[in-house]
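Let me begin by presenting the structure, written as structure tokens, before commenting on it.
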Amino acid sequence: MTHLTSAFYTLCASLVALSLGSVASPLATTFPDPLALAGDHVYVHDPSLIQRESDGKYFLFTSHDKAGIITADDLAGPWTEIGSVLPDGSSIDLPGNNDIWAPDVSFHDGVYYAYYAVSVSGSMDSGIGLATSTSMDPGTWTDQGQVFRTQTGDPYNAIDPTLTIDENGTPLLTWGSYWGDIYQFNLGNDFKTVATDPVQVAHNSTPPSPVEGSFVWKNGDFFYLFTSSGQCCSFDPNNLPPAGNEYKVFVGRSASAHGPFVDQAGVDMRNNGGTLVLASHGDVFAPGGEGIFTDSKSGKDIFVYHYLHSQGSIAYVEANSSLGLNAIDWSSVGAVWAV
Ligand SMILES: *[C@@H]1O[C@H](CO)[C@@H](O)[C@H](O)[C@H]1NC(C)=O
């Protein structure tokens, strides 16, 4: 938490405990626990969750497992891994193309678009790719290959893509970066051609500074940029980073999908801004890798993330990274924000 002012920690949490029957009260001083899930534990990292248009089935996508496809009939599970987006890996010609990262799935004009990243830990030789399907079922995905690529020495790193349609109806990819933090560019109408130069939208200049795992979502008159900041992975239970330096989630908002995004205090996210929405608490450790979708059954916007456990025999083990689900209370954020 070295780069944060203490004021950030006194802000209202914008997530609420998810009770499927009713809207729970926002919790001002603590973070809500994730929805309790039925069934066996399912590994999730950098999750993306979307309901299928045709039948409302829940499709969850995860890093690794060749971009694992996990489905459920109810949000509370049980969740079952049924296959992969790219069972043969990605056609992107880079090390790591057999280990797909951070799939981001959205639906536009009858097509499901899965943006994903290819990289290896500690490398800027990274690529963002695209796969498409009309049903999301295993075996129906077509790898459209590379969208964008970076290399050592670039100011940014091509990981953690997420698609938004901007206020003009233009597809916009937000991505990055660990190095150089969060960038955006427009895509062409094919959803694959890079149409504009990368523009930075979030940057934290104070070590430890990695910002990545972003997500942009429109609510009301604003686009909200969520980011994950801090150490995501590879925790040594006997040598944890200083409390607060692990993954946590910040948000800022803008009238435009292109920013500038400012936090609750009016600080630009390009200049260390960001309002804390979720951090370690209770058994939840290093939450992040977030996404959002609107649940057609409850009508709620659901915040989707992964977290490690801090308790028991599975504490800090990445292989036991779990799915976190909470409802978003936009009103508690929107009421007090000034832009
Ligand atoms: C934690 O991960 C390990 C390694 O994948 C696995 O064997 C174990 O079953 C997991 N534990 C739980 C509670 O999911």
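Numbering starts fresh at 1 for the residues of each chain in the structure tokens, the chains themselves are lettered A, B, ... in the order given, and ligands are numbered from 1 as they appear.
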**Asked** Got a sec to check which residues lie within 9 Å of ligand 1, using only C-alpha atoms and all ligand atoms, and send them as number ranges by chain?
**Response** A: 40-43, 313-314, 317-322
File dump, residues just selected, N, CA, C and O atoms, as a short mmCIF file (atom, residue, chain, number, x, y, z; two decimals), in the first residue's frame:
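Written output follows (part.cif):
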data_model
loop_
_atom_site.label_atom_id
_atom_site.label_comp_id
_atom_site.auth_asym_id
_atom_site.auth_seq_id
_atom_site.Cartn_x
_atom_site.Cartn_y
_atom_site.Cartn_z
N ASP A 40 -17.36 -29.08 -5.99
CA ASP A 40 -15.92 -29.19 -5.78
C ASP A 40 -15.24 -27.87 -6.12
O ASP A 40 -15.73 -27.09 -6.93
N HIS A 41 -14.09 -27.67 -5.49
CA HIS A 41 -13.30 -26.48 -5.79
C HIS A 41 -12.88 -26.50 -7.26
O HIS A 41 -12.49 -27.53 -7.80
N VAL A 42 -12.99 -25.34 -7.91
CA VAL A 42 -12.57 -25.19 -9.30
C VAL A 42 -11.51 -24.11 -9.37
O VAL A 42 -11.71 -23.00 -8.85
N TYR A 43 -10.38 -24.43 -9.96
CA TYR A 43 -9.30 -23.45 -10.12
C TYR A 43 -9.74 -22.34 -11.06
O TYR A 43 -10.24 -22.60 -12.16
N SER A 313 -4.72 -25.32 4.89
CA SER A 313 -3.62 -25.98 4.19
C SER A 313 -3.44 -25.45 2.78
O SER A 313 -2.41 -25.71 2.15
N ILE A 314 -4.41 -24.73 2.26
CA ILE A 314 -4.29 -24.22 0.90
C ILE A 314 -3.87 -22.76 0.87
O ILE A 314 -3.93 -22.10 -0.16
N VAL A 317 -1.48 -20.81 -1.93
CA VAL A 317 -1.13 -21.71 -3.03
C VAL A 317 -1.92 -21.30 -4.27
O VAL A 317 -3.15 -21.31 -4.26
N GLU A 318 -1.19 -20.95 -5.32
CA GLU A 318 -1.86 -20.46 -6.52
C GLU A 318 -2.73 -21.54 -7.17
O GLU A 318 -3.75 -21.23 -7.80
N ALA A 319 -2.33 -22.78 -7.02
CA ALA A 319 -3.13 -23.87 -7.59
C ALA A 319 -4.51 -23.95 -6.95
O ALA A 319 -5.39 -24.62 -7.47
N ASN A 320 -4.69 -23.27 -5.84
CA ASN A 320 -5.99 -23.27 -5.16
C ASN A 320 -6.69 -21.92 -5.28
O ASN A 320 -7.59 -21.61 -4.50
N SER A 321 -6.29 -21.15 -6.27
CA SER A 321 -6.93 -19.88 -6.55
C SER A 321 -8.41 -20.11 -6.86
O SER A 321 -8.76 -21.01 -7.61
N SER A 322 -9.27 -19.30 -6.28
CA SER A 322 -10.71 -19.56 -6.33
C SER A 322 -11.48 -18.43 -7.00
O SER A 322 -10.99 -17.32 -7.13
#
**Request:** Could you give me, as a ChimeraX atom specification, the residues within 6 Å of range 231-236 of chain A, counting only C-alpha atoms and dropping anything in the same chain fewer than 4 positions from it?
**Result:** /A:240,246-247
**Message:** Please list as a list in words every residue within 6 Å of range 184-187 of chain A, counting only C-alpha atoms and excluding residues in the same chain fewer than 3 positions away.
**Reply:**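 Non-adjacent residues within range: Pro171, Leu172, Leu173, Thr174, Phe191, Thr193, Val194, Ala195, Thr196, Asp197, Pro198 and Val199 of chain A.
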**Message:** Would you compute the distance between CA of Ser298 in chain A and CA of Tyr224 in chain A? Give it in Å to one decimal.
**Reply:** 21.3 Å
**Item:** Non-local contacts of Ile92 in chain A (6 Å; only C-alpha atoms; under 2 positions in same chain excluded) as a ChimeraX atom specification
**Value:** /A:90,94,145-146
Using the selection just defined, write its residues with all heavy atoms as a PDB file, in the first residue's frame.
ATOM      1  N   SER A  90      -2.215 -21.551 -28.801  1.00  0.00           N
ATOM      2  CA  SER A  90      -2.432 -20.424 -29.707  1.00  0.00           C
ATOM      3  C   SER A  90      -1.485 -20.484 -30.897  1.00  0.00           C
ATOM      4  O   SER A  90      -0.361 -20.972 -30.793  1.00  0.00           O
ATOM      5  CB  SER A  90      -2.193 -19.112 -28.952  1.00  0.00           C
ATOM      6  OG  SER A  90      -2.095 -18.025 -29.853  1.00  0.00           O
ATOM      7  N   LEU A  94       5.093 -17.413 -30.150  1.00  0.00           N
ATOM      8  CA  LEU A  94       5.832 -16.903 -28.996  1.00  0.00           C
ATOM      9  C   LEU A  94       5.932 -17.997 -27.942  1.00  0.00           C
ATOM     10  O   LEU A  94       5.037 -18.849 -27.844  1.00  0.00           O
ATOM     11  CB  LEU A  94       5.079 -15.724 -28.364  1.00  0.00           C
ATOM     12  CG  LEU A  94       5.278 -14.318 -28.922  1.00  0.00           C
ATOM     13  CD1 LEU A  94       4.347 -13.344 -28.235  1.00  0.00           C
ATOM     14  CD2 LEU A  94       6.733 -13.883 -28.770  1.00  0.00           C
ATOM     15  N   GLY A 145      -5.881 -15.819 -34.115  1.00  0.00           N
ATOM     16  CA  GLY A 145      -4.466 -15.490 -34.025  1.00  0.00           C
ATOM     17  C   GLY A 145      -4.170 -14.130 -33.432  1.00  0.00           C
ATOM     18  O   GLY A 145      -4.979 -13.562 -32.692  1.00  0.00           O
ATOM     19  N   GLN A 146      -3.007 -13.616 -33.794  1.00  0.00           N
ATOM     20  CA  GLN A 146      -2.437 -12.453 -33.124  1.00  0.00           C
ATOM     21  C   GLN A 146      -3.143 -11.147 -33.475  1.00  0.00           C
ATOM     22  O   GLN A 146      -3.401 -10.857 -34.634  1.00  0.00           O
ATOM     23  CB  GLN A 146      -0.966 -12.355 -33.500  1.00  0.00           C
ATOM     24  CG  GLN A 146      -0.234 -11.207 -32.841  1.00  0.00           C
ATOM     25  CD  GLN A 146       1.240 -11.252 -33.169  1.00  0.00           C
ATOM     26  OE1 GLN A 146       1.922 -12.219 -32.838  1.00  0.00           O
ATOM     27  NE2 GLN A 146       1.743 -10.226 -33.830  1.00  0.00           N
TER      28      GLN A 146
END
**Message:** Residues within 7 Å of Ser63 in chain A, please, as a ChimeraX atom specification. Count only C-alpha atoms; anything in the same chain fewer than 4 positions from it doesn't count.
**Reply:** /A:45-46,67-68,100-103
Restrict the selected residues to N, CA and C atoms and save them as a PDB file, in the first residue's frame.
ATOM      1  N   HIS A  45      -8.224 -18.376 -12.431  1.00  0.00           N
ATOM      2  CA  HIS A  45      -7.286 -17.254 -12.369  1.00  0.00           C
ATOM      3  C   HIS A  45      -7.604 -16.310 -13.521  1.00  0.00           C
ATOM      4  N   ASP A  46      -7.646 -15.011 -13.233  1.00  0.00           N
ATOM      5  CA  ASP A  46      -8.019 -14.015 -14.243  1.00  0.00           C
ATOM      6  C   ASP A  46      -9.331 -14.390 -14.929  1.00  0.00           C
ATOM      7  N   ALA A  67      -6.890 -22.001 -21.676  1.00  0.00           N
ATOM      8  CA  ALA A  67      -8.071 -21.147 -21.508  1.00  0.00           C
ATOM      9  C   ALA A  67      -9.277 -22.037 -21.184  1.00  0.00           C
ATOM     10  N   GLY A  68      -9.317 -22.461 -19.930  1.00  0.00           N
ATOM     11  CA  GLY A  68     -10.333 -23.398 -19.482  1.00  0.00           C
ATOM     12  C   GLY A  68     -11.744 -22.834 -19.570  1.00  0.00           C
ATOM     13  N   ILE A 100      -2.380 -20.419 -22.164  1.00  0.00           N
ATOM     14  CA  ILE A 100      -3.157 -19.208 -22.448  1.00  0.00           C
ATOM     15  C   ILE A 100      -3.472 -18.462 -21.159  1.00  0.00           C
ATOM     16  N   TRP A 101      -3.292 -17.136 -21.208  1.00  0.00           N
ATOM     17  CA  TRP A 101      -3.553 -16.287 -20.034  1.00  0.00           C
ATOM     18  C   TRP A 101      -4.802 -15.440 -20.250  1.00  0.00           C
ATOM     19  N   ALA A 102      -5.517 -15.231 -19.161  1.00  0.00           N
ATOM     20  CA  ALA A 102      -6.480 -14.144 -18.995  1.00  0.00           C
ATOM     21  C   ALA A 102      -7.487 -13.990 -20.137  1.00  0.00           C
ATOM     22  N   PRO A 103      -8.209 -15.051 -20.488  1.00  0.00           N
ATOM     23  CA  PRO A 103      -9.225 -14.893 -21.529  1.00  0.00           C
ATOM     24  C   PRO A 103     -10.318 -13.903 -21.104  1.00  0.00           C
TER      25      PRO A 103
END
Go through range 115-209 of chain A and flag each residue having an atom no more than 7 Å from range 248-259 of chain A; for those, report the closest pair of atoms plus their distance in Å to one decimal, using only C-alpha atoms, ordered by chain and rising number, as JSON lines.
{"residue": "A:Asp166", "atom": "CA", "partner": "A:Ala257", "partner_atom": "CA", "distance": 5.2}
{"residue": "A:Glu167", "atom": "CA", "partner": "A:Ser256", "partner_atom": "CA", "distance": 6.6}
{"residue": "A:Val201", "atom": "CA", "partner": "A:Gly259", "partner_atom": "CA", "distance": 6.6}
**Asked** Please, what distance in Å, to one decimal, runs between CA of Ala114 in chain A and CA of Asp263 in chain A?
**Response**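 Straight-line distance from CA of Ala114 in chain A to CA of Asp263 in chain A works out to 28.8 Å.
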**Request:** Check range 224-267 of chain A with DSSP on the backbone and list each residue it calls strand (DSSP E or B), as a VMD selection string.
**Result:** chain A and resid 224 to 229 231 246 248 to 254 262
**Message:** At a cut-off of 8 Å, using only C-alpha atoms, what residues contact Ile69 in chain A? Leave out same-chain residues fewer than 3 positions from it and give the result as number ranges by chain.
**Reply:** A: 59-62, 81-85, 138
Generate a file of the selected residues that holds all heavy atoms, formatted as a short mmCIF file (atom, residue, chain, number, x, y, z; two decimals), in the first residue's frame.
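See part25.cif below for the written result:
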data_model
loop_
_atom_site.label_atom_id
_atom_site.label_comp_id
_atom_site.auth_asym_id
_atom_site.auth_seq_id
_atom_site.Cartn_x
_atom_site.Cartn_y
_atom_site.Cartn_z
N PHE A 59 -20.98 -19.27 -18.40
CA PHE A 59 -19.68 -19.71 -18.92
C PHE A 59 -18.58 -18.88 -18.27
O PHE A 59 -18.58 -17.65 -18.36
CB PHE A 59 -19.61 -19.54 -20.45
CG PHE A 59 -20.28 -20.65 -21.21
CD1 PHE A 59 -21.66 -20.76 -21.24
CD2 PHE A 59 -19.51 -21.58 -21.90
CE1 PHE A 59 -22.28 -21.80 -21.94
CE2 PHE A 59 -20.12 -22.62 -22.61
CZ PHE A 59 -21.50 -22.73 -22.63
N LEU A 60 -17.67 -19.59 -17.62
CA LEU A 60 -16.55 -18.97 -16.92
C LEU A 60 -15.26 -19.40 -17.62
O LEU A 60 -15.12 -20.58 -17.96
CB LEU A 60 -16.57 -19.45 -15.47
CG LEU A 60 -15.43 -19.12 -14.53
CD1 LEU A 60 -15.36 -17.63 -14.27
CD2 LEU A 60 -15.64 -19.89 -13.21
N PHE A 61 -14.37 -18.47 -17.84
CA PHE A 61 -13.11 -18.75 -18.54
C PHE A 61 -11.95 -18.42 -17.62
O PHE A 61 -12.01 -17.44 -16.86
CB PHE A 61 -13.04 -17.94 -19.83
CG PHE A 61 -14.14 -18.29 -20.79
CD1 PHE A 61 -15.39 -17.68 -20.69
CD2 PHE A 61 -13.96 -19.26 -21.76
CE1 PHE A 61 -16.42 -18.02 -21.54
CE2 PHE A 61 -14.98 -19.61 -22.63
CZ PHE A 61 -16.22 -18.98 -22.51
N THR A 62 -10.89 -19.20 -17.70
CA THR A 62 -9.76 -19.02 -16.79
C THR A 62 -8.43 -19.08 -17.53
O THR A 62 -8.32 -19.72 -18.59
CB THR A 62 -9.77 -20.10 -15.69
OG1 THR A 62 -8.65 -19.89 -14.81
CG2 THR A 62 -9.69 -21.51 -16.25
N GLU A 81 -15.49 -27.82 -15.04
CA GLU A 81 -14.63 -27.53 -16.20
C GLU A 81 -14.95 -28.54 -17.29
O GLU A 81 -14.90 -29.75 -17.08
CB GLU A 81 -13.14 -27.59 -15.82
CG GLU A 81 -12.25 -27.18 -16.99
CD GLU A 81 -10.95 -26.48 -16.58
OE1 GLU A 81 -10.74 -26.25 -15.38
OE2 GLU A 81 -10.16 -26.17 -17.49
N ILE A 82 -15.32 -28.02 -18.48
CA ILE A 82 -15.79 -28.90 -19.56
C ILE A 82 -14.86 -28.90 -20.77
O ILE A 82 -15.11 -29.64 -21.72
CB ILE A 82 -17.22 -28.51 -20.02
CG1 ILE A 82 -17.24 -27.06 -20.55
CG2 ILE A 82 -18.22 -28.69 -18.89
CD1 ILE A 82 -18.53 -26.70 -21.27
N GLY A 83 -13.81 -28.11 -20.76
CA GLY A 83 -12.90 -28.10 -21.91
C GLY A 83 -12.12 -26.82 -21.96
O GLY A 83 -11.96 -26.14 -20.94
N SER A 84 -11.63 -26.49 -23.15
CA SER A 84 -10.73 -25.36 -23.33
C SER A 84 -11.09 -24.59 -24.58
O SER A 84 -11.62 -25.15 -25.55
CB SER A 84 -9.28 -25.84 -23.45
OG SER A 84 -8.89 -26.54 -22.30
N VAL A 85 -10.76 -23.30 -24.58
CA VAL A 85 -10.94 -22.48 -25.78
C VAL A 85 -9.96 -22.92 -26.86
O VAL A 85 -10.32 -23.06 -28.03
CB VAL A 85 -10.76 -20.99 -25.44
CG1 VAL A 85 -10.81 -20.13 -26.71
CG2 VAL A 85 -11.82 -20.53 -24.44
N PRO A 138 -16.90 -26.08 -25.97
CA PRO A 138 -15.60 -26.62 -26.37
C PRO A 138 -15.69 -27.19 -27.79
O PRO A 138 -16.72 -27.77 -28.16
CB PRO A 138 -15.34 -27.74 -25.35
CG PRO A 138 -16.16 -27.37 -24.17
CD PRO A 138 -17.39 -26.68 -24.71
#
**Å distance separating CA of Tyr183 in chain A from CA of Ser214 in chain A, one decimal place** =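 Distance reported for this atom pair: 9.4 Å.
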**Within 7 Å of Ile128 in chain A using only C-alpha atoms, minus same-chain residues under 4 positions, as a PyMOL selection string** = chain A and resi 115-118+146-149+158-159+161
Using all heavy atoms, can you write the selected residues to a file as an mmCIF file, in the first residue's frame?
data_model
loop_
_atom_site.group_PDB
_atom_site.id
_atom_site.type_symbol
_atom_site.label_atom_id
_atom_site.label_comp_id
_atom_site.auth_asym_id
_atom_site.auth_seq_id
_atom_site.Cartn_x
_atom_site.Cartn_y
_atom_site.Cartn_z
ATOM 1 N N TYR A 115 -10.619 -12.637 -26.222
ATOM 2 C CA TYR A 115 -9.250 -12.113 -26.303
ATOM 3 C C TYR A 115 -8.432 -12.818 -25.228
ATOM 4 O O TYR A 115 -8.928 -13.103 -24.140
ATOM 5 C CB TYR A 115 -9.242 -10.594 -26.102
ATOM 6 C CG TYR A 115 -9.950 -9.885 -27.235
ATOM 7 C CD1 TYR A 115 -11.331 -9.661 -27.176
ATOM 8 C CD2 TYR A 115 -9.267 -9.490 -28.376
ATOM 9 C CE1 TYR A 115 -12.000 -9.050 -28.227
ATOM 10 C CE2 TYR A 115 -9.927 -8.877 -29.442
ATOM 11 C CZ TYR A 115 -11.294 -8.660 -29.359
ATOM 12 O OH TYR A 115 -11.955 -8.077 -30.405
ATOM 13 N N TYR A 116 -7.178 -13.085 -25.538
ATOM 14 C CA TYR A 116 -6.331 -13.809 -24.593
ATOM 15 C C TYR A 116 -4.901 -13.318 -24.735
ATOM 16 O O TYR A 116 -4.572 -12.579 -25.674
ATOM 17 C CB TYR A 116 -6.416 -15.322 -24.838
ATOM 18 C CG TYR A 116 -5.947 -15.751 -26.214
ATOM 19 C CD1 TYR A 116 -4.596 -15.975 -26.462
ATOM 20 C CD2 TYR A 116 -6.841 -15.909 -27.267
ATOM 21 C CE1 TYR A 116 -4.152 -16.361 -27.724
ATOM 22 C CE2 TYR A 116 -6.402 -16.291 -28.535
ATOM 23 C CZ TYR A 116 -5.058 -16.510 -28.758
ATOM 24 O OH TYR A 116 -4.611 -16.874 -30.003
ATOM 25 N N ALA A 117 -4.058 -13.704 -23.817
ATOM 26 C CA ALA A 117 -2.653 -13.303 -23.870
ATOM 27 C C ALA A 117 -1.749 -14.524 -23.917
ATOM 28 O O ALA A 117 -2.068 -15.582 -23.347
ATOM 29 C CB ALA A 117 -2.306 -12.449 -22.661
ATOM 30 N N VAL A 118 -0.633 -14.360 -24.614
ATOM 31 C CA VAL A 118 0.437 -15.350 -24.646
ATOM 32 C C VAL A 118 1.702 -14.667 -24.150
ATOM 33 O O VAL A 118 2.110 -13.633 -24.685
ATOM 34 C CB VAL A 118 0.649 -15.900 -26.071
ATOM 35 C CG1 VAL A 118 1.970 -16.655 -26.162
ATOM 36 C CG2 VAL A 118 -0.514 -16.786 -26.489
ATOM 37 N N GLN A 146 -3.007 -13.616 -33.794
ATOM 38 C CA GLN A 146 -2.437 -12.453 -33.124
ATOM 39 C C GLN A 146 -3.143 -11.147 -33.475
ATOM 40 O O GLN A 146 -3.401 -10.857 -34.634
ATOM 41 C CB GLN A 146 -0.966 -12.355 -33.500
ATOM 42 C CG GLN A 146 -0.234 -11.207 -32.841
ATOM 43 C CD GLN A 146 1.240 -11.252 -33.169
ATOM 44 O OE1 GLN A 146 1.922 -12.219 -32.838
ATOM 45 N NE2 GLN A 146 1.743 -10.226 -33.830
ATOM 46 N N VAL A 147 -3.420 -10.365 -32.445
ATOM 47 C CA VAL A 147 -3.947 -9.010 -32.598
ATOM 48 C C VAL A 147 -2.812 -7.991 -32.423
ATOM 49 O O VAL A 147 -2.720 -7.018 -33.167
ATOM 50 C CB VAL A 147 -5.054 -8.745 -31.546
ATOM 51 C CG1 VAL A 147 -5.503 -7.291 -31.557
ATOM 52 C CG2 VAL A 147 -6.240 -9.677 -31.788
ATOM 53 N N PHE A 148 -1.960 -8.228 -31.461
ATOM 54 C CA PHE A 148 -0.938 -7.237 -31.091
ATOM 55 C C PHE A 148 0.184 -7.949 -30.365
ATOM 56 O O PHE A 148 -0.041 -8.973 -29.717
ATOM 57 C CB PHE A 148 -1.570 -6.185 -30.172
ATOM 58 C CG PHE A 148 -0.663 -5.061 -29.775
ATOM 59 C CD1 PHE A 148 -0.154 -4.189 -30.724
ATOM 60 C CD2 PHE A 148 -0.340 -4.858 -28.438
ATOM 61 C CE1 PHE A 148 0.668 -3.132 -30.350
ATOM 62 C CE2 PHE A 148 0.477 -3.799 -28.051
ATOM 63 C CZ PHE A 148 0.983 -2.935 -29.012
ATOM 64 N N ARG A 149 1.377 -7.380 -30.499
ATOM 65 C CA ARG A 149 2.534 -8.027 -29.902
ATOM 66 C C ARG A 149 3.505 -6.998 -29.357
ATOM 67 O O ARG A 149 3.630 -5.907 -29.892
ATOM 68 C CB ARG A 149 3.212 -8.861 -30.984
ATOM 69 C CG ARG A 149 4.446 -9.587 -30.545
ATOM 70 C CD ARG A 149 4.780 -10.629 -31.572
ATOM 71 N NE ARG A 149 6.074 -11.207 -31.317
ATOM 72 C CZ ARG A 149 6.479 -12.316 -31.895
ATOM 73 N NH1 ARG A 149 5.716 -12.943 -32.771
ATOM 74 N NH2 ARG A 149 7.662 -12.820 -31.609
ATOM 75 N N ALA A 158 1.965 -6.718 -23.834
ATOM 76 C CA ALA A 158 0.685 -7.146 -24.417
ATOM 77 C C ALA A 158 0.080 -8.331 -23.655
ATOM 78 O O ALA A 158 0.126 -9.478 -24.093
ATOM 79 C CB ALA A 158 0.870 -7.502 -25.887
ATOM 80 N N ILE A 159 -0.497 -8.006 -22.488
ATOM 81 C CA ILE A 159 -1.197 -9.032 -21.702
ATOM 82 C C ILE A 159 -2.556 -8.488 -21.266
ATOM 83 O O ILE A 159 -2.867 -7.318 -21.423
ATOM 84 C CB ILE A 159 -0.391 -9.462 -20.453
ATOM 85 C CG1 ILE A 159 -0.141 -8.261 -19.527
ATOM 86 C CG2 ILE A 159 0.926 -10.117 -20.865
ATOM 87 C CD1 ILE A 159 0.360 -8.649 -18.140
ATOM 88 N N PRO A 161 -5.904 -8.551 -22.018
ATOM 89 C CA PRO A 161 -6.801 -7.742 -22.848
ATOM 90 C C PRO A 161 -8.242 -7.801 -22.355
ATOM 91 O O PRO A 161 -8.672 -8.777 -21.747
ATOM 92 C CB PRO A 161 -6.698 -8.431 -24.216
ATOM 93 C CG PRO A 161 -6.455 -9.875 -23.876
ATOM 94 C CD PRO A 161 -5.564 -9.835 -22.646
#
**Request:** Counting only C-alpha atoms, figure out which residue out of A:Gln151, A:Asn157, A:Ser229, A:Gln311 gets nearest to Pro210 in chain A.
**Result:**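 Closest to Pro210 in chain A, using only C-alpha atoms: A:Ser229.
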**Message:** Using only C-alpha atoms for the distances, tell me which of A:Phe223, A:Ser331, A:Gly324, A:Arg270 is nearest to Gly77 in chain A.
**Reply:**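 Looking at the shortest contact to Gly77 in chain A, the residue is A:Gly324.
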